[in-house]
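Visitor: First the structure, which I've put down as structure tokens, then a few questions once you've had a look.
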There are 2 protein chains.
Amino acid sequence: MKPSIPKGTRDFSPAEVAKRQYIIQKMRTHFEKFGFQPIETPSFENSETLMGKYGEEGDRLIFKILNSGDFLKEYNVFLLEEIKNAIFNLKESIGLKGTFGQLDENYINLFKKNFADRAKNKNSRINSEEFVKDLWDFIYTSFLNKEDKFEEFKKASESKLKDYVMRIFAEFYNNDRKDIGRNVSEKALRYDLTVPFARYVVQHQNEIEFPFKRYQIQPVWRADRPQKGRFREFYQCDADVVGSTSLWQEVELVQLYDSVFTDLGLNGVTIKINNRKILSGIAEVIGASDKLIDFTVALDKLDKIGEDGVKKEMIEKGISETAIEKVQPLFNFTGSITEKIEKLSVLLSESIEGMKGVEELQFICDNVSNLGLSSAILDLDVTLARGLNYYTGAIFEVAPPKAVSMGSIGGGGRYDDLTGIFGLKNMSGVGISFGLDRIYLVIEELGLFPETVTTTSKAIFLNFGQEETKYSMKAITELRKLGAKVELYPDNVKIAKQFQYADKRGIQLAIIVGDDEMKNNQFSVKNLVSGEQQKVSFEELKKMLQ
Amino acid sequence: MKPSIPKGTRDFSPAEVAKRQYIIQKMRTHFEKFGFQPIETPSFENSETLMGKYGEEGDRLIFKILNSGDFLKEYNVFLLEEIKNAIFNLKESIGLKGTFGQLDENYINLFKKNFADRAKNKNSRINSEEFVKDLWDFIYTSFLNKEDKFEEFKKASESKLKDYVMRIFAEFYNNDRKDIGRNVSEKALRYDLTVPFARYVVQHQNEIEFPFKRYQIQPVWRADRPQKGRFREFYQCDADVVGSTSLWQEVELVQLYDSVFTDLGLNGVTIKINNRKILSGIAEVIGASDKLIDFTVALDKLDKIGEDGVKKEMIEKGISETAIEKVQPLFNFTGSITEKIEKLSVLLSESIEGMKGVEELQFICDNVSNLGLSSAILDLDVTLARGLNYYTGAIFEVAPPKAVSMGSIGGGGRYDDLTGIFGLKNMSGVGISFGLDRIYLVIEELGLFPETVTTTSKAIFLNFGQEETKYSMKAITELRKLGAKVELYPDNVKIAKQFQYADKRGIQLAIIVGDDEMKNNQFSVKNLVSGEQQKVSFEELKKMLQ
């Protein structure tokens, strides 16, 4: 059997871990510069914390954890209790009260013990047919020398007993019966970081100072069908503030995106912004709030299928021509953000909600513009509607630099009632998320990982024998104290093999220690890239490895 | 409902995350200095990768993951097929072939549809009793206007049908039926880092250069009974080398322990060392290899119960007095490591295996001693037998500084056949592990976390209104570019509340911006520890926040 890992999961090699850690460390640094503080939550939560929070589809994609150990024990205890009842009931039902002395507590206990032993040996799993067979064998034995009575007993009870046992099995395993079903699975793997964050805030509300700015970088799990770029285990990197409605948060979150992506060398990302209230305003204007998604989906295709194509699709979806005429400016929605906001304030002038959205957008965009961005571009995109039923204010999405063809590398927004699901009302939250896997791919594609992002040793001391190694280890011990990444080739094997190892590992310098070097307190250093070799003192070696 | 987390799991607050990250980062740095490279493996593995690798007790403690989505779909398809068979069989069995036109494919399909719809609505879970009831309702409807036939049908089939359906349920859920049971759970959460490492090495053997030095810092999960200091989710931090038998690895691992603990300020840890071959030698000398554990356990109590007590216990365990006499030197096993090794080499002179152990110990201890340790103490402990059935050479365990009363904070050893379980033979491995949770507690207890280990902002700009905030945000934006951790209080609320927030968050400096400050291009900085307040220029502020 060739070992493998579950579909949708990944092993990360040293080179990959180094690159991922490089991105994660940058995020941590910027999150903390912006006043966000890290929390971590358990990988699994109580099922009731997660279930029902992500819609029907989401529930289906949550990985549930089987209760272990204890659960099977409870199961056995449950069954054993039932056996006793079953036998008692059978006796009652066929009017054989007290007739069979053998069917007393002692026998039942004996059977329980056998049953428990067998269950233990079989890894605590019980086969229902074997179970019934054993039960019958036991009962039959109880009737030894009273065969006539047994026939009577059997006739009256066989199917009844079988049915009864089966029902116990079925009930036990039936999750709809909450009292029993709960024993099968009570825990589930984290599906995102937002719900655990909301749970954390409510659970620890008395220890938290609000507004609470937290970041969280942890894996999440989804039982999605794996495909290119979609995994069953992946990291989310979220920064959220809860407990303040101040729009300065939105301003800072735009700056945070700019700050992280600039530091990663990803110049020219586009931070798209929209506002749920703008979308509500548009829905009012077109007089069809139920068609809002159809409308934005169609409008988003403007570049691809042109104005006529978009209008055709809208009409097909049941949006009236009059409605479409009213929002005509959206078909020529170009210019600077200021110009776009200007257009919106005309278009939505009749909608109170819409004008509130315009005002919020204006505040955010003006202040971001005044403070300036390092490399990102802020753009208003009225087709941006991610999480339509979730966000209540700002909506964000980040597109990678245009040179790369890839979906969004980040997103977020404001939700007015983050913690309400756990009973803490009126807590507005706003946050953004970074897509680690995609950011990784974009940086890789653009060749932006610095060469220094590696965990490989800077130098390797080759192994020429015990005396040489003792000499080398003295140097290695000192060098490591100074922080140098150096290693020893552990075995005294052919030197060609050692060089090959150093080469394949991508180690830059091979250090050679022979009689000459030991005599003169020196080290021969071979640069494996250039091929140059030189003899140096320990002081010189220290400098080379700094 | 007050939200909670599963027993044995933990939320980590910002202060705790900062401290944990401090330890983890130190480990990473030292691991890499020693030439170890990071890998990461998926949180869950295929069940067959883990099961059977940790003994019977271990298997029980592995968290299994329920298959999601697809598994329930298969279940429904399976049941629907069975319904058809059940009805067909019933008709056959009571000799009603073709009698009831209503019981044809169309009706069955209609029932299937209703059944599938209901299953979907109920989150794909089916209640067996409801199911039987529905089936009966359906069949009854099929007999409308033929009530006499129905009675006949009913009499012949009720218990039979019920039994049949129950059997389907039971069989489906019965894990002993492998073909079906496999659908319930095929994945399990990582139980340790060693088995996934072995799996990784075998799976990626063609990409790896051996010897492979890897480190891995990831959570593991165990369904253990939670208790003080024992969690169901906790981190393991492992450094292992696979593919070399060189004893220089052991030397370096001792140095690595010393290096990490010294850097963490944990001076005076004791690195205990032993060797499986020494233990084998002792077993040979006492002539009872099956009594080896009893022997070491008893010997370990020397400090507590004295020589007589230990000998008494050994005799009770069936070790002969003659045997005990032979190993008399172990009852006065003091002195330097060199002296202890000297004693062992006399004691074990007759045992080839034992003398091999002495030789290995000597090599490791001599070289560690020559190279010197920074703060740790290396000590030989012949009672050290952790993982007796697992390790084949060196055995390590680290005790915290004597000032702290706590169990081991690290351990490890050499195992000759690390990857054999996955089919790659003759790969010797040696490694050590760091106990993150206990190390954390020891550092906390000794007050060794530096004050700088915090993620809290250095300064907070208080919020006096829009104009003041615009002025503040310009400064904040610049300061963050220079790497300073500063934040803005987002809302313009009572200043006392803002001060209280800053205080509770442990932020050192509050920065006040009013008309005066704006006019003069200044900032008032209040030190929340000393209470001092001063007006400074932006240049001065920058210096304060560096």
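In the structure tokens, each chain is lettered A, B, ... as it comes, each chain's residues begin at 1, and ligands are numbered from 1 in order of appearance.
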Tell me which protein, DNA and RNA residues are within 10 Å of range 225-231 of chain B, counting only C-alpha atoms, leaving out same-chain ones fewer than 2 positions away, and put them as a PyMOL selection string.

Guide: (chain A and resi 69-70) or (chain B and resi 7-10+61+220-223+233-235+437-438+441)

Visitor: Residues of chain A that have any atom at most 6 Å from an atom of chain B: could you tabulate them with the shortest-distance atom pair and the distance in Å to one decimal, using only C-alpha atoms, ordered by chain and increasing number, as a tab-separated table?

Guide:
```
residue	atom	partner	partner_atom	distance
A:Pro3	CA	B:Gln203	CA	5.7
A:Ile5	CA	B:Glu45	CA	5.7
A:Pro6	CA	B:Asn46	CA	5.6
A:Thr9	CA	B:Pro42	CA	5.9
A:Arg10	CA	B:Pro42	CA	5.9
A:Asp11	CA	B:Thr41	CA	4.6
A:Phe12	CA	B:Glu40	CA	5.0
A:Ser13	CA	B:Ile39	CA	5.2
A:Pro14	CA	B:Pro38	CA	4.9
A:Lys33	CA	B:Lys485	CA	3.9
A:Phe34	CA	B:Glu487	CA	5.8
A:Gly35	CA	B:Glu487	CA	5.2
A:Gln37	CA	B:Pro14	CA	5.6
A:Pro38	CA	B:Pro14	CA	4.9
A:Ile39	CA	B:Pro14	CA	5.1
A:Glu40	CA	B:Phe12	CA	5.0
A:Thr41	CA	B:Asp11	CA	4.6
A:Pro42	CA	B:Arg10	CA	5.9
A:Glu45	CA	B:Ile5	CA	5.7
A:Asn46	CA	B:Pro6	CA	5.6
A:Arg60	CA	B:Gly69	CA	5.6
A:Lys64	CA	B:Leu66	CA	5.3
A:Ile65	CA	B:Ile65	CA	4.3
A:Leu66	CA	B:Lys64	CA	5.3
A:Gly69	CA	B:Arg60	CA	5.6
A:Asp163	CA	B:Asp163	CA	5.6
A:Met166	CA	B:Met166	CA	5.8
A:Phe169	CA	B:Ala170	CA	5.8
A:Ala170	CA	B:Ala170	CA	5.6
A:Asp176	CA	B:Asn127	CA	5.8
A:Gln203	CA	B:Pro3	CA	5.7
A:Ser246	CA	B:Pro490	CA	5.7
A:Thr455	CA	B:Gln37	CA	5.9
A:Ser457	CA	B:Gly35	CA	5.5
A:Ala484	CA	B:Lys33	CA	6.0
A:Lys485	CA	B:Lys33	CA	3.9
A:Glu487	CA	B:Gly35	CA	5.2
A:Pro490	CA	B:Ser246	CA	5.7
A:Asp491	CA	B:Ser246	CA	5.8
```

Visitor: Go through A:Ile341, A:Ile512, A:Ile23, A:Met518 one by one, measure the shortest atom-to-atom distance of each to Gln498 in chain A using only C-alpha atoms, and give the residue with the smallest value.

Guide: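 Nearest candidate to Gln498 in chain A out of A:Ile341, A:Ile512, A:Ile23, A:Met518: A:Ile512.
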
Visitor: Record the distance separating CA of Val398 in chain B and CA of Gly357 in chain B, expressed in Å with one decimal.

Guide: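 The value is 20.0 Å.
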